$ cat final.txt   # compact mmCIF, C-alpha atoms
# COMPACT_ATOMS: atom_id res chain seq x y z
CA ALA A 1 1.25 15.63 7.56
CA GLN A 2 0.64 16.42 3.93
CA SER A 3 -2.29 18.73 3.32
CA VAL A 4 -3.85 21.04 0.77
CA SER A 5 -5.83 24.10 1.73
CA GLN A 6 -8.28 25.92 -0.50
CA HIS A 7 -9.28 29.13 1.18
CA ASN A 8 -12.50 29.92 -0.62
CA HIS A 9 -15.27 27.38 -0.37
CA HIS A 10 -17.72 29.42 -2.42
CA VAL A 11 -16.98 32.11 -4.97
CA ILE A 12 -19.61 34.05 -6.91
CA LEU A 13 -18.56 36.20 -9.84
CA SER A 14 -20.18 37.94 -12.77
CA GLU A 15 -19.27 37.03 -16.33
CA ALA A 16 -16.08 38.71 -17.59
CA ALA A 17 -14.73 39.14 -14.06
CA SER A 18 -11.22 37.93 -13.29
CA LEU A 19 -10.78 34.83 -11.18
CA GLU A 20 -8.18 33.74 -8.68
CA LEU A 21 -8.67 30.66 -6.51
CA GLY A 22 -6.20 30.10 -3.75
CA CYS A 23 -4.40 26.85 -3.01
CA ASN A 24 -1.70 26.24 -0.42
CA TYR A 25 -0.01 22.94 0.20
CA SER A 26 2.08 21.38 2.88
CA TYR A 27 4.48 18.79 1.52
CA GLY A 28 8.19 18.47 2.00
CA GLY A 29 9.13 16.51 -1.08
CA THR A 30 9.20 17.24 -4.79
CA VAL A 31 5.83 18.67 -5.61
CA ASN A 32 3.52 17.68 -8.40
CA LEU A 33 0.50 19.96 -8.28
CA PHE A 34 -2.82 19.71 -10.06
CA TRP A 35 -6.04 21.60 -10.54
CA TYR A 36 -9.09 19.54 -11.41
CA VAL A 37 -12.54 20.80 -12.38
CA GLN A 38 -15.84 19.01 -11.91
CA TYR A 39 -18.75 20.47 -13.88
CA PRO A 40 -22.22 19.76 -12.51
CA GLY A 41 -23.00 16.09 -12.96
CA GLN A 42 -19.75 15.39 -14.74
CA HIS A 43 -16.46 13.70 -13.98
CA LEU A 44 -13.23 15.25 -12.77
CA GLN A 45 -11.17 16.79 -15.55
CA LEU A 46 -7.55 17.83 -15.32
CA LEU A 47 -7.24 21.58 -15.88
CA LEU A 48 -3.49 21.85 -15.51
CA LYS A 49 -0.51 20.41 -13.71
CA TYR A 50 2.89 21.43 -12.47
CA PHE A 51 5.86 19.14 -12.18
CA SER A 52 8.94 21.24 -12.77
CA GLY A 53 10.25 24.06 -14.92
CA ASP A 54 8.32 27.23 -15.68
CA PRO A 55 6.30 28.06 -12.57
CA LEU A 56 3.56 29.64 -14.69
CA VAL A 57 1.50 26.81 -16.07
CA LYS A 58 -1.12 27.18 -18.76
CA GLY A 59 -4.01 24.75 -18.91
CA ILE A 60 -7.17 24.14 -20.84
CA LYS A 61 -10.09 26.54 -21.23
CA GLY A 62 -7.91 29.63 -20.66
CA PHE A 63 -6.89 28.75 -17.10
CA GLU A 64 -3.41 29.22 -15.72
CA ALA A 65 -1.72 28.70 -12.36
CA GLU A 66 1.45 29.97 -10.77
CA PHE A 67 3.63 27.84 -8.52
CA ILE A 68 5.28 30.00 -5.86
CA LYS A 69 7.59 27.75 -3.90
CA SER A 70 8.36 30.30 -1.17
CA LYS A 71 4.65 30.66 -0.43
CA PHE A 72 3.76 26.98 -0.91
CA SER A 73 1.04 28.20 -3.23
CA PHE A 74 -0.45 27.16 -6.54
CA ASN A 75 -3.24 29.62 -7.28
CA LEU A 76 -5.56 29.19 -10.23
CA ARG A 77 -6.35 32.20 -12.41
CA LYS A 78 -8.47 33.15 -15.38
CA PRO A 79 -8.60 36.70 -16.73
CA SER A 80 -12.25 36.64 -17.80
CA VAL A 81 -14.70 33.98 -16.64
CA GLN A 82 -17.73 32.69 -18.51
CA TRP A 83 -21.01 31.28 -17.28
CA SER A 84 -19.79 27.85 -18.43
CA ASP A 85 -16.99 27.99 -15.85
CA THR A 86 -19.53 27.30 -13.11
CA ALA A 87 -18.15 24.18 -11.45
CA GLU A 88 -16.31 22.76 -8.44
CA TYR A 89 -12.55 23.26 -8.54
CA PHE A 90 -10.14 21.01 -6.66
CA CYS A 91 -6.45 21.59 -6.01
CA ALA A 92 -4.34 18.50 -5.32
CA VAL A 93 -0.75 17.56 -4.65
CA ARG A 94 0.71 14.18 -5.44
CA GLY A 95 1.87 12.65 -2.21
CA SER A 96 3.91 9.57 -1.64
CA ASN A 97 3.03 6.22 -3.13
CA TYR A 98 0.46 7.12 -5.81
CA GLN A 99 -1.70 9.17 -3.50
CA LEU A 100 -3.35 12.47 -4.34
CA ILE A 101 -3.86 14.84 -1.45
CA TRP A 102 -6.97 16.93 -2.20
CA GLY A 103 -8.12 20.32 -1.10
CA ALA A 104 -11.72 20.66 0.07
CA GLY A 105 -12.77 22.24 -3.22
CA THR A 106 -14.11 25.63 -4.25
CA LYS A 107 -17.57 25.97 -5.69
CA LEU A 108 -17.52 28.65 -8.36
CA ILE A 109 -20.78 30.21 -9.53
CA ILE A 110 -20.74 32.59 -12.48
CA LYS A 111 -23.74 34.86 -12.82
CA PRO A 112 -24.76 35.50 -16.43
CA ASP B 1 -8.54 6.37 -26.52
CA THR B 2 -8.01 8.77 -23.61
CA GLU B 3 -10.93 7.74 -21.49
CA VAL B 4 -11.73 5.75 -18.41
CA THR B 5 -15.09 4.05 -18.87
CA GLN B 6 -17.22 3.09 -15.91
CA THR B 7 -20.37 1.00 -15.82
CA PRO B 8 -23.05 1.22 -14.73
CA LYS B 9 -23.61 4.98 -14.45
CA HIS B 10 -26.28 4.54 -11.81
CA LEU B 11 -26.94 1.66 -9.42
CA VAL B 12 -29.55 1.16 -6.73
CA MET B 13 -29.04 -1.85 -4.51
CA GLY B 14 -30.47 -3.29 -1.34
CA MET B 15 -28.37 -3.99 1.71
CA THR B 16 -28.40 -7.74 1.03
CA ASN B 17 -27.52 -7.50 -2.66
CA LYS B 18 -24.27 -8.32 -4.39
CA LYS B 19 -23.27 -6.11 -7.28
CA SER B 20 -20.14 -5.11 -9.16
CA LEU B 21 -18.82 -1.87 -10.58
CA LYS B 22 -16.64 -2.02 -13.66
CA CYS B 23 -13.90 0.21 -14.97
CA GLU B 24 -11.93 -0.01 -18.20
CA GLN B 25 -9.09 1.97 -19.74
CA HIS B 26 -7.05 1.43 -22.89
CA MET B 27 -4.38 4.07 -22.40
CA GLY B 28 -1.76 1.58 -21.27
CA HIS B 29 -1.84 3.01 -17.76
CA ARG B 30 -0.42 0.58 -15.21
CA ALA B 31 -1.94 2.10 -12.08
CA MET B 32 -5.69 2.07 -11.44
CA TYR B 33 -7.63 3.51 -8.55
CA TRP B 34 -10.99 3.40 -6.83
CA TYR B 35 -12.22 6.57 -5.15
CA LYS B 36 -15.38 7.35 -3.22
CA GLN B 37 -16.84 10.84 -3.48
CA LYS B 38 -19.60 12.22 -1.30
CA ALA B 39 -21.51 15.29 -2.41
CA LYS B 40 -19.50 18.52 -2.34
CA LYS B 41 -16.42 16.74 -1.00
CA PRO B 42 -13.13 15.78 -2.64
CA PRO B 43 -12.63 12.14 -3.64
CA GLU B 44 -11.39 9.72 -0.99
CA LEU B 45 -8.93 7.06 -2.07
CA MET B 46 -10.06 3.49 -1.50
CA PHE B 47 -7.71 1.20 -3.43
CA VAL B 48 -4.72 1.40 -5.74
CA TYR B 49 -3.61 -1.30 -8.14
CA SER B 50 -0.17 -1.10 -9.65
CA TYR B 51 0.75 -3.56 -12.38
CA GLU B 52 -2.37 -5.57 -11.50
CA LYS B 53 -1.33 -5.98 -7.87
CA LEU B 54 -3.13 -4.37 -4.96
CA SER B 55 -0.77 -1.68 -3.76
CA ILE B 56 -2.89 0.36 -1.37
CA ASN B 57 -6.00 -0.43 0.65
CA GLU B 58 -7.04 2.62 2.64
CA SER B 59 -8.60 0.58 5.45
CA VAL B 60 -11.71 0.02 3.38
CA PRO B 61 -14.38 -2.27 4.92
CA SER B 62 -14.40 -5.81 3.55
CA ARG B 63 -17.86 -5.30 2.07
CA PHE B 64 -15.92 -3.60 -0.75
CA SER B 65 -13.72 -6.05 -2.66
CA PRO B 66 -11.54 -4.88 -5.55
CA GLU B 67 -10.33 -7.04 -8.40
CA CYS B 68 -7.96 -6.34 -11.28
CA PRO B 69 -8.40 -9.10 -13.89
CA ASN B 70 -5.90 -7.51 -16.29
CA SER B 71 -4.10 -4.26 -16.94
CA SER B 72 -7.15 -2.65 -18.58
CA LEU B 73 -9.89 -3.69 -16.20
CA LEU B 74 -10.74 -2.91 -12.61
CA ASN B 75 -13.78 -4.16 -10.74
CA LEU B 76 -15.26 -3.30 -7.38
CA HIS B 77 -17.44 -6.01 -5.87
CA LEU B 78 -20.07 -4.84 -3.42
CA HIS B 79 -21.80 -6.96 -0.80
CA ALA B 80 -23.93 -6.15 2.23
CA LEU B 81 -23.51 -2.40 1.87
CA GLN B 82 -24.96 0.17 4.23
CA PRO B 83 -26.98 3.27 3.31
CA GLU B 84 -24.00 5.45 4.26
CA ASP B 85 -22.07 3.80 1.43
CA SER B 86 -24.24 5.69 -1.03
CA ALA B 87 -21.87 7.91 -3.01
CA LEU B 88 -20.25 8.50 -6.39
CA TYR B 89 -17.61 5.84 -7.02
CA LEU B 90 -14.85 6.99 -9.30
CA CYS B 91 -12.28 4.97 -11.13
CA ALA B 92 -9.03 6.57 -12.23
CA SER B 93 -5.84 5.54 -13.93
CA SER B 94 -2.34 6.92 -14.27
CA GLN B 95 0.85 6.25 -16.13
CA GLY B 96 3.22 5.21 -13.39
CA THR B 97 2.75 6.93 -10.07
CA GLY B 98 0.73 9.85 -11.36
CA VAL B 99 3.38 12.46 -12.10
CA ASP B 100 1.56 13.34 -15.33
CA GLY B 101 -1.83 13.35 -13.68
CA TYR B 102 -4.70 10.98 -13.24
CA THR B 103 -7.54 10.33 -15.67
CA PHE B 104 -10.91 9.90 -14.04
CA GLY B 105 -13.99 8.09 -15.23
CA SER B 106 -17.44 9.64 -15.00
CA GLY B 107 -18.30 7.50 -12.01
CA THR B 108 -21.06 5.22 -10.80
CA ARG B 109 -23.74 6.90 -8.70
CA LEU B 110 -24.55 4.26 -6.07
CA THR B 111 -27.60 4.36 -3.85
CA VAL B 112 -28.00 1.76 -1.11
CA VAL B 113 -31.57 1.30 0.12
$ encode --input "final.txt" --output "structure tokens"
Amino acid sequence: AQSVSQHNHHVILSEAASLELGCNYSYGGTVNLFWYVQYPGQHLQLLLKYFSGDPLVKGIKGFEAEFIKSKFSFNLRKPSVQWSDTAEYFCAVRGSNYQLIWGAGTKLIIKP
Amino acid sequence: DTEVTQTPKHLVMGMTNKKSLKCEQHMGHRAMYWYKQKAKKPPELMFVYSYEKLSINESVPSRFSPECPNSSLLNLHLHALQPEDSALYLCASSQGTGVDGYTFGSGTRLTVV
């Protein structure tokens, strides 16, 4: 069965620290991978996506992610986080027939 | 216009009420979705419309009834809901099957009393 696993449910960092959120997927077909962010009280926003080509993907707000096919991973990174990055982060893979398979989410708290 | 607009933002309804949630997009997307999101959980897919036809119904109870009047509009009709149906209801749209991603609305926060 298709699945997405996010290893860290809660992450607490200080401002300026580096961030890496793990995401592993299980899907046998061509992968389309996404990271979405949900700021408190706001809607889901697309941070970045991978479809094909360069496995290092750059997104909005200084985020990037690396697709490593051999590890079935798509980890999200940011070199220096800000207090405004406090949010819930969801990894997702596009499954068959329009469906998005979601990870459980990682709640990121940045201490000022 | 790169937005998905949902109304109302908040809704409180009794278990015998009938209400509707509305969703609108003008990006020319031909697939539209309803999701349900409980607190601190990822969204759960409810329905998918593709080219105004119901493509997926994820075994959603009949008290939820979707409608797609045209390619820009998506409604969710609610009737005889239960308190456990209280959640954030999200509408989304995509160009085609979602290869380029999905655009989400800000949601309707529904409380059933």
$ residues_around --input "final.txt" --residues "Val48 of chain B" --least-positions-apart "2" --cutoff "8 Å" --atoms "all atoms listed in the file" --output "ChimeraX atom specification"
/A:98 /B:31-34,45-46,50,54-57
$ interface_residues --input "final.txt" --of "chain B" --to "chain A" --cutoff "8 Å" --atoms "all atoms listed in the file" --output "PDB file with C-alpha atoms, keeping the file's coordinate frame"
ATOM      1  CA  LYS B  40     -19.500  18.520  -2.340  1.00  0.00           C
ATOM      2  CA  LYS B  41     -16.420  16.740  -1.000  1.00  0.00           C
ATOM      3  CA  PRO B  42     -13.130  15.780  -2.640  1.00  0.00           C
ATOM      4  CA  PRO B  43     -12.630  12.140  -3.640  1.00  0.00           C
ATOM      5  CA  LEU B  45      -8.930   7.060  -2.070  1.00  0.00           C
ATOM      6  CA  VAL B  48      -4.720   1.400  -5.740  1.00  0.00           C
ATOM      7  CA  THR B  97       2.750   6.930 -10.070  1.00  0.00           C
ATOM      8  CA  GLY B  98       0.730   9.850 -11.360  1.00  0.00           C
ATOM      9  CA  VAL B  99       3.380  12.460 -12.100  1.00  0.00           C
ATOM     10  CA  ASP B 100       1.560  13.340 -15.330  1.00  0.00           C
ATOM     11  CA  GLY B 101      -1.830  13.350 -13.680  1.00  0.00           C
ATOM     12  CA  TYR B 102      -4.700  10.980 -13.240  1.00  0.00           C
ATOM     13  CA  THR B 103      -7.540  10.330 -15.670  1.00  0.00           C
ATOM     14  CA  PHE B 104     -10.910   9.900 -14.040  1.00  0.00           C
ATOM     15  CA  GLY B 105     -13.990   8.090 -15.230  1.00  0.00           C
ATOM     16  CA  SER B 106     -17.440   9.640 -15.000  1.00  0.00           C
ATOM     17  CA  GLY B 107     -18.300   7.500 -12.010  1.00  0.00           C
TER      18      GLY B 107
END
$ atom_distance --input "final.txt" --atom1 "atom CA of Arg109 of chain B" --atom2 "atom CA of Met13 of chain B"
11.1 Å
$ atom_distance --input "final.txt" --atom1 "atom CA of Asn24 of chain A" --atom2 "atom CA of Val60 of chain B"
28.3 Å
$ residues_around --input "final.txt" --residues "Ala1 of chain A" --least-positions-apart "3" --cutoff "10 Å" --atoms "all atoms listed in the file" --output "list in words"
Ser26, Tyr27 and Gly28 of chain A
$ atom_distance --input "final.txt" --atom1 "atom CA of Pro61 of chain B" --atom2 "atom CA of Pro8 of chain B"
21.8 Å
$ residues_around --input "final.txt" --residues "Gln82 of chain B" --least-positions-apart "3" --cutoff "12 Å" --atoms "only C-alpha atoms" --output "PyMOL selection string"
chain B and resi 12-17+61+63-64+78-79+85-87+110-113
$ closest_residue --input "final.txt" --among "B:His77, B:Lys36, B:Lys53, B:Arg30" --to "Gln95 of chain B" --atoms "all atoms listed in the file"
B:Arg30
$ residues_around --input "final.txt" --residues "Pro112 of chain A" --least-positions-apart "5" --cutoff "7 Å" --atoms "only C-alpha atoms" --output "ChimeraX atom specification"
/A:14-15,83
$ write_last_selection --input "final.txt" --atoms "C-alpha atoms" --output "mmCIF file, in the coordinates of the input"
data_model
loop_
_atom_site.group_PDB
_atom_site.id
_atom_site.type_symbol
_atom_site.label_atom_id
_atom_site.label_comp_id
_atom_site.auth_asym_id
_atom_site.auth_seq_id
_atom_site.Cartn_x
_atom_site.Cartn_y
_atom_site.Cartn_z
ATOM 1 C CA SER A 14 -20.180 37.940 -12.770
ATOM 2 C CA GLU A 15 -19.270 37.030 -16.330
ATOM 3 C CA TRP A 83 -21.010 31.280 -17.280
#
$ closest_residue --input "final.txt" --among "B:Ser62, B:Leu73, B:Lys22, B:Ala92" --to "Glu3 of chain B" --atoms "only C-alpha atoms"
B:Ala92
$ residues_near_point --input "final.txt" --point "(-16.8, 7.5, -9.3)" --cutoff "6 Å" --atoms "all atoms listed in the file" --output "PDB file with C-alpha atoms, in the coordinates of the input"
ATOM      1  CA  LEU B  88     -20.250   8.500  -6.390  1.00  0.00           C
ATOM      2  CA  TYR B  89     -17.610   5.840  -7.020  1.00  0.00           C
ATOM      3  CA  LEU B  90     -14.850   6.990  -9.300  1.00  0.00           C
ATOM      4  CA  CYS B  91     -12.280   4.970 -11.130  1.00  0.00           C
ATOM      5  CA  GLY B 107     -18.300   7.500 -12.010  1.00  0.00           C
ATOM      6  CA  THR B 108     -21.060   5.220 -10.800  1.00  0.00           C
TER       7      THR B 108
END
$ residues_around --input "final.txt" --residues "Leu74 of chain B" --least-positions-apart "3" --cutoff "7 Å" --atoms "all atoms listed in the file" --output "ChimeraX atom specification"
/B:22-24,67-69
